[in-house]
$ cat model25.txt   # compact mmCIF, C-alpha atoms
# COMPACT_ATOMS: atom_id res chain seq x y z
CA MET A 1 12.01 4.00 8.17
CA GLU A 2 10.64 3.01 4.79
CA TYR A 3 13.96 1.70 3.49
CA LEU A 4 13.50 -1.25 5.81
CA ILE A 5 10.53 -2.61 3.92
CA ASP A 6 10.65 -4.21 0.49
CA GLU A 7 7.39 -3.22 -1.16
CA ASN A 8 7.59 -5.96 -3.75
CA ARG A 9 7.02 -8.75 -1.28
CA PRO A 10 4.03 -9.20 1.03
CA ILE A 11 4.74 -6.85 3.94
CA PHE A 12 3.11 -9.04 6.57
CA MET A 13 5.67 -11.77 5.82
CA GLN A 14 8.48 -9.28 6.31
CA ILE A 15 7.04 -8.24 9.67
CA ALA A 16 6.89 -11.90 10.69
CA GLU A 17 10.51 -12.37 9.55
CA ARG A 18 11.65 -9.32 11.53
CA ILE A 19 10.07 -10.72 14.69
CA GLU A 20 11.58 -14.15 13.97
CA ASN A 21 15.03 -12.58 13.54
CA ASP A 22 14.71 -10.75 16.84
CA ILE A 23 13.72 -13.96 18.59
CA ILE A 24 16.63 -15.88 17.03
CA ALA A 25 19.08 -13.08 17.95
CA GLY A 26 17.82 -13.16 21.51
CA GLU A 27 16.54 -9.61 21.42
CA LEU A 28 13.05 -10.90 22.04
CA PRO A 29 13.52 -13.66 24.63
CA GLU A 30 10.80 -16.13 25.56
CA GLU A 31 7.94 -14.52 27.48
CA ALA A 32 9.02 -11.07 26.26
CA GLN A 33 6.30 -8.76 25.00
CA VAL A 34 6.24 -8.08 21.26
CA PRO A 35 5.54 -4.49 20.07
CA SER A 36 1.87 -3.80 19.34
CA THR A 37 0.54 -3.74 15.79
CA ASN A 38 0.15 0.04 16.05
CA GLN A 39 3.79 0.35 17.07
CA PHE A 40 4.83 -1.73 14.07
CA ALA A 41 2.52 0.31 11.85
CA SER A 42 3.94 3.66 12.87
CA PHE A 43 7.55 2.45 12.89
CA TYR A 44 7.44 1.02 9.38
CA GLN A 45 4.71 3.37 8.08
CA ILE A 46 2.47 0.48 7.13
CA ASN A 47 -1.19 -0.32 7.52
CA PRO A 48 -1.93 -1.67 11.04
CA ALA A 49 -4.00 -4.53 9.58
CA THR A 50 -0.92 -5.62 7.62
CA ALA A 51 1.19 -5.58 10.78
CA ALA A 52 -1.50 -7.58 12.59
CA LYS A 53 -1.47 -10.15 9.81
CA GLY A 54 2.28 -10.65 10.28
CA VAL A 55 1.90 -11.06 14.04
CA ASN A 56 -1.00 -13.46 13.63
CA LEU A 57 1.02 -15.59 11.25
CA LEU A 58 3.43 -16.24 14.13
CA VAL A 59 0.57 -16.84 16.54
CA ASP A 60 -0.74 -19.54 14.19
CA GLN A 61 2.70 -21.16 14.19
CA GLY A 62 2.89 -21.14 17.98
CA ILE A 63 5.81 -18.70 18.00
CA LEU A 64 3.81 -15.95 19.72
CA TYR A 65 0.81 -16.14 21.98
CA LYS A 66 -1.77 -13.65 23.09
CA LYS A 67 -2.29 -12.60 26.69
CA ARG A 68 -5.80 -11.31 26.82
CA GLY A 69 -5.88 -7.57 27.31
CA LEU A 70 -2.10 -7.31 27.51
CA GLY A 71 -0.69 -8.05 24.08
CA MET A 72 1.48 -10.55 22.27
CA TYR A 73 4.29 -12.50 23.90
CA VAL A 74 7.04 -14.85 22.73
CA ALA A 75 6.00 -18.45 23.41
CA PRO A 76 8.20 -20.87 25.35
CA GLY A 77 10.29 -22.94 22.93
CA ALA A 78 9.84 -20.35 20.15
CA ARG A 79 13.55 -19.89 19.52
CA ALA A 80 14.26 -23.64 19.22
CA LYS A 81 11.34 -23.99 16.82
CA LEU A 82 12.60 -21.11 14.65
CA LEU A 83 16.16 -22.39 14.61
CA GLU A 84 14.91 -25.75 13.38
CA LYS A 85 12.89 -24.09 10.63
CA ARG A 86 15.71 -21.78 9.52
CA ARG A 87 18.26 -24.61 9.51
CA ALA A 88 16.00 -26.61 7.25
CA GLN A 89 15.89 -23.63 4.85
CA PHE A 90 19.61 -22.93 4.99
CA PHE A 91 20.72 -25.25 2.18
CA GLY A 92 18.16 -24.04 -0.35
CA GLN A 93 18.38 -20.40 0.63
CA TYR A 94 22.14 -19.92 0.95
CA VAL A 95 24.12 -22.91 -0.29
CA VAL A 96 22.34 -23.51 -3.59
CA PRO A 97 22.53 -19.87 -4.82
CA MET A 98 26.19 -19.73 -3.79
CA LEU A 99 27.04 -22.84 -5.79
CA GLN A 100 25.10 -21.56 -8.79
CA GLU A 101 27.03 -18.30 -8.72
CA ALA A 102 30.31 -20.17 -8.30
CA GLU A 103 29.52 -22.31 -11.33
CA LYS A 104 28.65 -19.22 -13.37
CA LEU A 105 31.99 -17.65 -12.48
CA GLY A 106 34.04 -20.81 -13.04
CA ILE A 107 35.03 -21.22 -9.41
CA THR A 108 35.64 -24.91 -8.78
CA MET A 109 34.08 -26.94 -6.01
CA GLU A 110 37.54 -27.40 -4.48
CA GLN A 111 38.04 -23.65 -4.37
CA VAL A 112 34.64 -23.15 -2.76
CA THR A 113 35.39 -25.81 -0.17
CA GLU A 114 38.72 -24.21 0.57
CA MET A 115 37.14 -20.78 0.97
CA LEU A 116 34.62 -22.21 3.39
CA GLN A 117 37.17 -24.12 5.45
CA ARG A 118 39.81 -21.43 5.66
CA ARG A 119 37.48 -18.45 5.31
CA VAL A 120 39.89 -16.80 2.91
CA GLU A 121 39.66 -15.79 -0.72
CA VAL A 122 41.07 -18.34 -3.15
CA PRO A 123 42.45 -16.73 -6.31
CA MET B 1 -17.84 -5.78 9.66
CA SER B 2 -20.32 -3.02 8.80
CA THR B 3 -20.52 -1.53 5.34
CA VAL B 4 -19.90 2.20 4.97
CA VAL B 5 -20.30 2.61 1.22
CA GLU B 6 -22.25 0.38 -1.11
CA VAL B 7 -22.16 1.14 -4.83
CA ARG B 8 -24.07 -0.93 -7.38
CA GLN B 9 -23.87 -0.63 -11.17
CA LEU B 10 -22.86 3.01 -10.99
CA THR B 11 -22.79 4.75 -14.37
CA LYS B 12 -22.10 8.35 -15.29
CA SER B 13 -21.27 9.87 -18.63
CA TYR B 14 -20.22 13.31 -19.76
CA GLY B 15 -21.53 13.68 -23.28
CA SER B 16 -20.28 10.65 -25.16
CA VAL B 17 -17.57 9.84 -22.58
CA MET B 18 -18.40 7.12 -20.08
CA ALA B 19 -16.64 8.48 -17.00
CA VAL B 20 -17.94 5.69 -14.77
CA ASN B 21 -19.18 2.47 -16.30
CA GLN B 22 -21.13 -0.15 -14.32
CA VAL B 23 -19.00 0.13 -11.21
CA SER B 24 -19.90 -1.91 -8.13
CA PHE B 25 -17.99 -2.17 -4.87
CA SER B 26 -18.42 -1.95 -1.16
CA ILE B 27 -16.34 -0.29 1.52
CA GLU B 28 -16.15 -1.65 5.05
CA ALA B 29 -15.79 0.35 8.23
CA GLY B 30 -12.38 0.96 9.73
CA LYS B 31 -10.13 0.26 6.77
CA ILE B 32 -7.81 2.37 4.63
CA TYR B 33 -8.64 2.05 0.95
CA GLY B 34 -6.74 3.08 -2.13
CA LEU B 35 -8.66 4.22 -5.19
CA LEU B 36 -6.03 4.06 -7.88
CA GLY B 37 -5.93 4.72 -11.57
CA ARG B 38 -4.57 7.00 -14.21
CA ASN B 39 -5.59 10.62 -14.61
CA GLY B 40 -9.07 10.78 -16.06
CA ALA B 41 -9.88 7.17 -15.15
CA GLY B 42 -13.02 8.21 -13.27
CA LYS B 43 -11.76 8.26 -9.68
CA THR B 44 -12.89 11.78 -8.86
CA THR B 45 -16.28 11.25 -10.48
CA ILE B 46 -16.88 8.20 -8.29
CA MET B 47 -15.93 10.13 -5.17
CA GLN B 48 -18.14 13.04 -6.15
CA ILE B 49 -21.08 10.68 -6.53
CA ILE B 50 -20.42 9.03 -3.16
CA THR B 51 -20.27 12.45 -1.51
CA ALA B 52 -23.45 13.66 -3.24
CA GLN B 53 -21.76 16.35 -5.29
CA LEU B 54 -22.81 14.69 -8.52
CA PHE B 55 -25.76 12.60 -9.57
CA ALA B 56 -25.14 9.20 -11.09
CA ALA B 57 -26.88 8.57 -14.42
CA SER B 58 -27.85 5.16 -13.14
CA GLY B 59 -27.01 2.76 -10.39
CA GLU B 60 -27.33 2.76 -6.64
CA VAL B 61 -25.27 4.51 -3.97
CA LYS B 62 -25.62 4.02 -0.25
CA VAL B 63 -23.43 5.71 2.32
CA PHE B 64 -23.88 4.64 5.94
CA GLY B 65 -26.89 2.70 4.69
CA GLU B 66 -28.71 5.71 3.24
CA HIS B 67 -28.90 7.74 0.06
CA PRO B 68 -26.41 10.57 0.44
CA TYR B 69 -28.23 13.26 -1.56
CA GLU B 70 -29.21 16.22 0.61
CA ASN B 71 -28.96 13.92 3.58
CA SER B 72 -27.27 15.71 6.47
CA ARG B 73 -27.19 12.55 8.60
CA VAL B 74 -24.86 11.06 6.01
CA LEU B 75 -22.97 14.14 4.87
CA SER B 76 -22.00 15.29 8.37
CA GLN B 77 -20.10 12.01 8.69
CA VAL B 78 -18.20 12.44 5.46
CA CYS B 79 -15.15 14.60 4.80
CA PHE B 80 -14.09 14.89 1.17
CA VAL B 81 -10.77 16.62 0.63
CA LYS B 82 -10.58 17.64 -3.01
CA ASP B 83 -7.37 18.60 -4.67
CA SER B 84 -9.23 21.33 -6.56
CA GLN B 85 -11.01 22.79 -3.52
CA LYS B 86 -12.01 26.42 -4.07
CA TYR B 87 -12.10 28.94 -1.24
CA PRO B 88 -13.69 32.37 -0.96
CA ASN B 89 -11.33 35.09 -2.10
CA ASN B 90 -10.48 36.63 1.25
CA TYR B 91 -10.14 33.36 3.19
CA ARG B 92 -7.07 32.79 5.31
CA VAL B 93 -5.87 29.42 6.61
CA ILE B 94 -7.46 30.14 9.99
CA ASP B 95 -10.83 30.87 8.33
CA VAL B 96 -10.79 27.48 6.64
CA LEU B 97 -10.19 25.78 9.97
CA GLU B 98 -13.02 27.73 11.59
CA GLN B 99 -15.40 26.76 8.80
CA ALA B 100 -14.36 23.12 9.20
CA ALA B 101 -15.05 23.29 12.95
CA PHE B 102 -18.57 24.43 12.11
CA PHE B 103 -19.02 21.69 9.54
CA PHE B 104 -17.72 18.52 11.18
CA PRO B 105 -19.24 17.30 14.45
CA GLY B 106 -16.06 15.40 15.33
CA TRP B 107 -13.70 18.35 14.66
CA ASP B 108 -10.70 18.41 17.00
CA ARG B 109 -9.49 22.00 17.20
CA GLU B 110 -6.43 21.27 19.31
CA TYR B 111 -5.34 18.54 16.94
CA ALA B 112 -5.80 20.84 13.94
CA PHE B 113 -3.51 23.42 15.54
CA ALA B 114 -0.95 20.76 16.43
CA LEU B 115 -0.94 19.74 12.76
CA ILE B 116 -0.49 23.36 11.68
CA GLU B 117 2.66 23.38 13.82
CA ASP B 118 3.85 20.04 12.43
CA PHE B 119 3.49 21.24 8.86
CA ARG B 120 4.68 24.79 9.71
CA LEU B 121 1.73 26.39 8.00
CA PRO B 122 1.23 30.19 8.29
CA LEU B 123 -2.19 30.56 9.93
CA LYS B 124 -2.84 34.12 8.81
CA ARG B 125 -1.79 33.65 5.20
CA ARG B 126 -4.49 34.07 2.58
CA MET B 127 -5.45 30.84 0.86
CA LYS B 128 -4.86 32.28 -2.59
CA ALA B 129 -1.29 33.17 -1.60
CA LEU B 130 -0.43 29.59 -0.63
CA SER B 131 1.83 27.39 -2.72
CA ARG B 132 0.45 24.19 -4.23
CA GLY B 133 2.07 22.14 -1.47
CA MET B 134 0.68 24.38 1.31
CA LEU B 135 -2.77 24.16 -0.25
CA SER B 136 -2.53 20.37 -0.14
CA THR B 137 -1.42 20.62 3.48
CA VAL B 138 -4.53 22.60 4.45
CA GLY B 139 -6.65 19.83 2.90
CA ILE B 140 -4.74 17.17 4.80
CA ILE B 141 -5.21 19.01 8.10
CA VAL B 142 -8.94 19.43 7.50
CA GLY B 143 -9.22 15.75 6.57
CA LEU B 144 -7.36 14.50 9.63
CA ALA B 145 -8.83 16.88 12.22
CA SER B 146 -12.39 16.35 10.93
CA ARG B 147 -12.23 12.82 12.38
CA ALA B 148 -15.06 12.09 9.97
CA PRO B 149 -16.13 8.42 10.00
CA LEU B 150 -15.58 8.44 6.24
CA THR B 151 -12.64 10.60 5.14
CA ILE B 152 -11.75 10.81 1.47
CA PHE B 153 -8.53 12.34 0.20
CA ASP B 154 -8.37 13.06 -3.53
CA GLU B 155 -4.72 13.33 -4.67
CA PRO B 156 -3.80 14.56 -1.19
CA TYR B 157 -0.12 15.18 -1.73
CA LEU B 158 0.13 17.23 -4.89
CA GLY B 159 3.11 19.54 -4.49
CA LEU B 160 4.11 18.14 -1.11
CA ASP B 161 7.80 17.60 -0.46
CA ALA B 162 9.13 14.33 0.94
CA VAL B 163 9.22 15.63 4.52
CA ALA B 164 5.60 16.79 4.43
CA ARG B 165 4.50 13.49 2.86
CA GLY B 166 6.28 11.64 5.64
CA ILE B 167 4.48 13.75 8.27
CA PHE B 168 1.17 13.07 6.54
CA TYR B 169 1.66 9.28 6.58
CA ASP B 170 2.84 9.32 10.20
CA ARG B 171 -0.08 11.41 11.42
CA LEU B 172 -2.60 9.47 9.37
CA LEU B 173 -1.49 6.11 10.78
CA GLU B 174 -1.24 7.47 14.33
CA ASP B 175 -4.62 9.12 14.32
CA TYR B 176 -6.25 6.20 12.53
CA ALA B 177 -4.95 3.88 15.26
CA GLU B 178 -6.40 6.10 17.99
CA HIS B 179 -9.63 6.98 16.19
CA PRO B 180 -10.39 4.14 13.78
CA ARG B 181 -12.36 5.29 10.76
CA THR B 182 -12.70 4.62 7.08
CA VAL B 183 -10.23 6.38 4.83
CA ILE B 184 -10.08 6.48 1.04
CA LEU B 185 -6.89 7.72 -0.61
CA SER B 186 -7.27 8.41 -4.28
CA THR B 187 -4.15 8.82 -6.34
CA HIS B 188 -2.27 7.97 -9.49
CA LEU B 189 1.03 7.75 -7.59
CA ILE B 190 0.72 4.26 -6.24
CA ASP B 191 4.09 3.24 -4.83
CA ASP B 192 4.27 6.14 -2.44
CA ILE B 193 1.22 5.07 -0.45
CA SER B 194 0.73 1.41 -1.22
CA ARG B 195 2.11 0.36 2.16
CA LEU B 196 -0.57 2.38 3.96
CA LEU B 197 -3.42 0.60 2.22
CA GLU B 198 -5.40 -2.39 3.33
CA HIS B 199 -7.53 -2.69 0.22
CA ILE B 200 -7.10 -1.51 -3.34
CA PHE B 201 -9.51 -0.53 -6.09
CA VAL B 202 -8.15 0.18 -9.53
CA ILE B 203 -10.24 2.18 -11.99
CA ASP B 204 -9.40 2.18 -15.66
CA GLN B 205 -11.43 4.02 -18.29
CA GLY B 206 -14.42 4.20 -15.98
CA ARG B 207 -14.38 0.52 -15.10
CA LEU B 208 -13.38 -1.17 -11.88
CA VAL B 209 -10.60 -3.52 -12.96
CA LEU B 210 -9.27 -4.57 -9.56
CA ASP B 211 -10.83 -5.00 -6.13
CA GLU B 212 -8.31 -6.74 -3.86
CA GLU B 213 -6.53 -6.78 -0.55
CA ALA B 214 -3.22 -4.92 -0.95
CA GLU B 215 -1.17 -7.72 0.59
CA ALA B 216 -2.67 -10.27 -1.78
CA LEU B 217 -1.44 -8.15 -4.69
CA ARG B 218 2.11 -7.89 -3.50
CA GLY B 219 4.07 -10.72 -5.00
CA ARG B 220 1.17 -11.48 -7.32
CA ALA B 221 3.33 -11.13 -10.41
CA PHE B 222 7.01 -11.43 -11.16
CA ALA B 223 9.27 -11.12 -14.16
CA VAL B 224 11.81 -13.50 -15.62
CA VAL B 225 14.74 -12.41 -17.73
CA GLY B 226 16.80 -14.59 -20.06
CA PRO B 227 17.27 -15.85 -23.62
CA ALA B 228 14.02 -15.63 -25.61
CA ALA B 229 13.55 -19.36 -26.25
CA ARG B 230 13.97 -20.29 -22.61
CA VAL B 231 11.78 -17.45 -21.36
CA ASP B 232 9.06 -18.54 -23.77
CA ALA B 233 9.37 -22.14 -22.60
CA TYR B 234 9.01 -20.95 -19.03
CA THR B 235 5.98 -18.73 -19.66
CA ALA B 236 4.16 -21.24 -21.91
CA ASP B 237 1.95 -22.53 -19.08
CA LYS B 238 1.65 -19.19 -17.26
CA GLU B 239 -0.50 -16.11 -17.54
CA LEU B 240 1.66 -13.66 -19.47
CA LEU B 241 1.19 -9.95 -18.75
CA GLU B 242 3.94 -8.54 -20.87
CA ARG B 243 6.83 -9.71 -23.01
CA GLU B 244 9.56 -7.25 -23.81
CA PRO B 245 12.82 -7.77 -25.72
CA LEU B 246 15.82 -6.46 -23.86
CA GLY B 247 18.92 -6.46 -26.06
CA GLY B 248 19.42 -10.13 -26.92
CA LEU B 249 17.23 -11.15 -24.01
CA VAL B 250 13.55 -11.16 -23.21
CA SER B 251 11.88 -9.93 -20.05
CA ALA B 252 8.48 -11.48 -19.40
CA THR B 253 6.07 -10.49 -16.66
CA VAL B 254 3.79 -13.31 -15.51
CA MET B 255 1.15 -13.79 -12.85
CA GLY B 256 2.39 -15.91 -9.97
CA SER B 257 3.81 -15.58 -6.49
CA GLY B 258 7.44 -16.10 -7.50
CA ASP B 259 7.69 -18.62 -4.68
CA ALA B 260 10.31 -21.33 -4.22
CA LYS B 261 8.75 -23.53 -6.90
CA ASP B 262 8.60 -20.73 -9.48
CA ARG B 263 12.14 -19.81 -8.57
CA GLN B 264 13.53 -23.34 -8.91
CA GLN B 265 11.82 -23.79 -12.25
CA ALA B 266 13.28 -20.49 -13.48
CA GLU B 267 16.74 -21.25 -12.16
CA ALA B 268 16.71 -24.69 -13.76
CA LEU B 269 16.30 -22.87 -17.09
CA GLY B 270 18.99 -20.37 -16.15
CA LEU B 271 16.53 -17.47 -15.95
CA GLU B 272 16.69 -14.61 -13.54
CA LEU B 273 13.62 -13.88 -11.43
CA VAL B 274 12.83 -10.23 -10.72
CA PRO B 275 10.12 -8.82 -8.45
CA VAL B 276 7.36 -6.63 -9.89
CA SER B 277 6.18 -3.67 -7.81
CA LEU B 278 2.55 -2.97 -7.09
CA GLN B 279 2.74 0.09 -9.32
CA GLN B 280 4.15 -1.97 -12.19
CA LEU B 281 1.54 -4.69 -11.68
CA ILE B 282 -1.28 -2.16 -11.78
CA VAL B 283 0.17 -0.51 -14.85
CA HIS B 284 0.26 -3.93 -16.53
CA LEU B 285 -3.31 -4.65 -15.51
CA THR B 286 -4.49 -1.30 -16.84
CA GLY B 287 -2.49 -1.79 -20.02
CA GLY B 288 -0.68 1.53 -19.81
CA LYS B 289 2.71 1.18 -21.40
CA TYR B 290 3.04 4.89 -21.94
CA GLU B 291 2.41 5.73 -18.31
CA ARG B 292 4.93 3.19 -17.14
CA LYS B 293 7.68 5.13 -18.86
CA ALA B 294 6.42 8.35 -17.36
CA VAL B 295 6.52 6.77 -13.92
CA GLU B 296 10.03 5.45 -14.31
CA VAL B 297 11.53 8.85 -15.02
CA ARG B 298 9.61 10.45 -12.17

$ encode --input "model25.txt" --output "structure tokens"
Amino acid sequence: MEYLIDENRPIFMQIAERIENDIIAGELPEEAQVPSTNQFASFYQINPATAAKGVNLLVDQGILYKKRGLGMYVAPGARAKLLEKRRAQFFGQYVVPMLQEAEKLGITMEQVTEMLQRRVEVP
Amino acid sequence: MSTVVEVRQLTKSYGSVMAVNQVSFSIEAGKIYGLLGRNGAGKTTIMQIITAQLFAASGEVKVFGEHPYENSRVLSQVCFVKDSQKYPNNYRVIDVLEQAAFFFPGWDREYAFALIEDFRLPLKRRMKALSRGMLSTVGIIVGLASRAPLTIFDEPYLGLDAVARGIFYDRLLEDYAEHPRTVILSTHLIDDISRLLEHIFVIDQGRLVLDEEAEALRGRAFAVVGPAARVDAYTADKELLEREPLGGLVSATVMGSGDAKDRQQAEALGLELVPVSLQQLIVHLTGGKYERKAVEVR
């Protein structure tokens, strides 16, 4: 499963992002149990302490919570919180790079707008 | 967190060559460590001193709180898998396992045989008739099934194919989760195992040049590519690791996380930001330009 992990970025952040994505997609609903750090470790072939660090990052942000002796669970309101965070990042993460690339290629703002509105390629 | 190995000002020379030079570090219980460095950097010498196979010229070594030399309390808890392990002439794979059972108090016979199956190793084959990869596999099986509180693998996967390496990593992580212990993986092939490591030591020319958490190193450096003048403007206030002309462009590797701020600053100058792998970072830190090329064509 190693192709899933980008070794050039901190792995614990990628584990946190994977869990976030699953929560946003609804695959991990509120109050659902999150895989254990050992399950993450064996699935991605990573150090368990690294997996734990990713999970704990989300615990610190109130996205996950620990049930003593049972494991980690998705906190109530986690999805709404993540959506808010991801929406705030959307402009910088997706729109800005797109506009930079468009400028590089000489695609005008009007053409970009048209592509977005009609979802078709503008020659 | 209890300390398993404590090394202070360790020094060892062979003739005029300083194999290990004033090395100090400590190893905590229950973590997987990487001891990384180029061939001949001094990795094996350090491990031989920790496992009481060599005397240090000076310095202090404590393993499980005691001096390891001729100390069975310590040595029965340590399994050192050497890549150059020698076996008696008539030994078969099964004989090695039986010897190991005698040697290690925590030996798990059933597990050893399960691993033999996993790796498809011929039990009755003579050791001297094994291929390089099979020889490595025997070492891996002994290391895993010993369940030794301190298990050291020296270049464990020489000659192993990708499938066998995958089995090794899977079994190591699985068994480590079930039976937590301290593991040291020593190697010059960094990228292959970096994801398994919690902590990294880098040895270069006998000196310890890096002692860091693996995750803290990832994303520690990045490279920018672009026209020379703009790259130089960008790197002026940063710690520069390497600057390399690339056609009409320059690629510069700098210390930094490559976070949003670094990225914006680079993009404002029209520079491209490229990640630097752990292997590349370590090569930069150990100043080995020659080895980097060797690694890239691997």

$ atom_distance --input "model25.txt" --atom1 "CA of Leu196 (chain B)" --atom2 "CA of Leu82 (chain A)"
29.0 Å

$ atom_distance --input "model25.txt" --atom1 "CA of Val74 (chain B)" --atom2 "CA of Thr3 (chain B)"
13.3 Å

$ closest_residue --input "model25.txt" --among "B:Ile141, B:Ile152, B:Val61, B:Val276" --to "Lys82 (chain B)" --atoms "only C-alpha atoms"
B:Ile152

$ interface_residues --input "model25.txt" --of "chain B" --to "chain A" --cutoff "7 Å" --atoms "all atoms listed in the file" --output "number ranges by chain"
B: 169-170, 173-174, 177, 195-198, 215, 218-219, 275-278

$ write_last_selection --input "model25.txt" --atoms "C-alpha atoms" --output "PDB file, keeping the file's coordinate frame"
ATOM      1  CA  TYR B 169       1.660   9.280   6.580  1.00  0.00           C
ATOM      2  CA  ASP B 170       2.840   9.320  10.200  1.00  0.00           C
ATOM      3  CA  LEU B 173      -1.490   6.110  10.780  1.00  0.00           C
ATOM      4  CA  GLU B 174      -1.240   7.470  14.330  1.00  0.00           C
ATOM      5  CA  ALA B 177      -4.950   3.880  15.260  1.00  0.00           C
ATOM      6  CA  ARG B 195       2.110   0.360   2.160  1.00  0.00           C
ATOM      7  CA  LEU B 196      -0.570   2.380   3.960  1.00  0.00           C
ATOM      8  CA  LEU B 197      -3.420   0.600   2.220  1.00  0.00           C
ATOM      9  CA  GLU B 198      -5.400  -2.390   3.330  1.00  0.00           C
ATOM     10  CA  GLU B 215      -1.170  -7.720   0.590  1.00  0.00           C
ATOM     11  CA  ARG B 218       2.110  -7.890  -3.500  1.00  0.00           C
ATOM     12  CA  GLY B 219       4.070 -10.720  -5.000  1.00  0.00           C
ATOM     13  CA  PRO B 275      10.120  -8.820  -8.450  1.00  0.00           C
ATOM     14  CA  VAL B 276       7.360  -6.630  -9.890  1.00  0.00           C
ATOM     15  CA  SER B 277       6.180  -3.670  -7.810  1.00  0.00           C
ATOM     16  CA  LEU B 278       2.550  -2.970  -7.090  1.00  0.00           C
TER      17      LEU B 278
END

$ residues_around --input "model25.txt" --residues "region 34-50 of chain B" --least-positions-apart "4" --cutoff "8 Å" --atoms "only C-alpha atoms" --output "PyMOL selection string"
chain B and resi 5+19-20+54-56+61-63+68+152+154+184-190+194+197-206

$ residues_around --input "model25.txt" --residues "Gly62 (chain A)" --least-positions-apart "4" --cutoff "8 Å" --atoms "all atoms listed in the file" --output "ChimeraX atom specification"
/A:58,75,78

$ residues_around --input "model25.txt" --residues "Gly54 (chain A)" --least-positions-apart "2" --cutoff "6 Å" --atoms "all atoms listed in the file" --output "ChimeraX atom specification"
/A:12-13,15-16,51-52,56-57

$ atom_distance --input "model25.txt" --atom1 "CA of Gln111 (chain A)" --atom2 "CA of Val96 (chain A)"
15.7 Å

$ closest_residue --input "model25.txt" --among "A:Met115, A:Glu110, A:Arg86, A:Ile19" --to "Val59 (chain A)" --atoms "only C-alpha atoms"
A:Ile19

$ residues_around --input "model25.txt" --residues "Glu110 (chain B)" --least-positions-apart "6" --cutoff "12 Å" --atoms "all atoms listed in the file" --output "ChimeraX atom specification"
/B:97,101,116-117,141,144-146

$ closest_residue --input "model25.txt" --among "A:Gln89, A:Thr108, A:Gln33, A:Asn21" --to "Tyr65 (chain A)" --atoms "only C-alpha atoms"
A:Gln33

$ residues_around --input "model25.txt" --residues "Ala228 (chain B)" --least-positions-apart "2" --cutoff "7 Å" --atoms "all atoms listed in the file" --output "PyMOL selection string"
chain B and resi 226+230-232+249-250

$ residues_near_point --input "model25.txt" --point "(15.2, -12.7, 21.9)" --cutoff "12 Å" --atoms "only C-alpha atoms" --output "list in words"
Arg18, Ile19, Glu20, Asn21, Asp22, Ile23, Ile24, Ala25, Gly26, Glu27, Leu28, Pro29, Glu30, Glu31, Ala32, Gln33, Val34, Ile63, Tyr73, Val74, Ala75, Pro76, Gly77, Ala78, Arg79, Ala80 and Leu82 of chain A

$ write_last_selection --input "model25.txt" --atoms "C-alpha atoms" --output "CSV table (one decimal), in the coordinates of the input"
chain,number,residue,atom,x,y,z
A,18,ARG,CA,11.6,-9.3,11.5
A,19,ILE,CA,10.1,-10.7,14.7
A,20,GLU,CA,11.6,-14.2,14.0
A,21,ASN,CA,15.0,-12.6,13.5
A,22,ASP,CA,14.7,-10.8,16.8
A,23,ILE,CA,13.7,-14.0,18.6
A,24,ILE,CA,16.6,-15.9,17.0
A,25,ALA,CA,19.1,-13.1,18.0
A,26,GLY,CA,17.8,-13.2,21.5
A,27,GLU,CA,16.5,-9.6,21.4
A,28,LEU,CA,13.0,-10.9,22.0
A,29,PRO,CA,13.5,-13.7,24.6
A,30,GLU,CA,10.8,-16.1,25.6
A,31,GLU,CA,7.9,-14.5,27.5
A,32,ALA,CA,9.0,-11.1,26.3
A,33,GLN,CA,6.3,-8.8,25.0
A,34,VAL,CA,6.2,-8.1,21.3
A,63,ILE,CA,5.8,-18.7,18.0
A,73,TYR,CA,4.3,-12.5,23.9
A,74,VAL,CA,7.0,-14.8,22.7
A,75,ALA,CA,6.0,-18.4,23.4
A,76,PRO,CA,8.2,-20.9,25.4
A,77,GLY,CA,10.3,-22.9,22.9
A,78,ALA,CA,9.8,-20.4,20.2
A,79,ARG,CA,13.6,-19.9,19.5
A,80,ALA,CA,14.3,-23.6,19.2
A,82,LEU,CA,12.6,-21.1,14.6

$ closest_residue --input "model25.txt" --among "B:Val224, B:Ile140, B:Val23, B:Gly30" --to "Glu267 (chain B)" --atoms "all atoms listed in the file"
B:Val224

$ axis_aligned_box --input "model25.txt" --around "region 272-287 of chain B" --padding-each-side "5 Å" --output "lines of an AutoDock Vina configuration file"
center_x = 6.1
center_y = -7.3
center_z = -13.6
size_x = 31.2
size_y = 24.7
size_z = 22.9
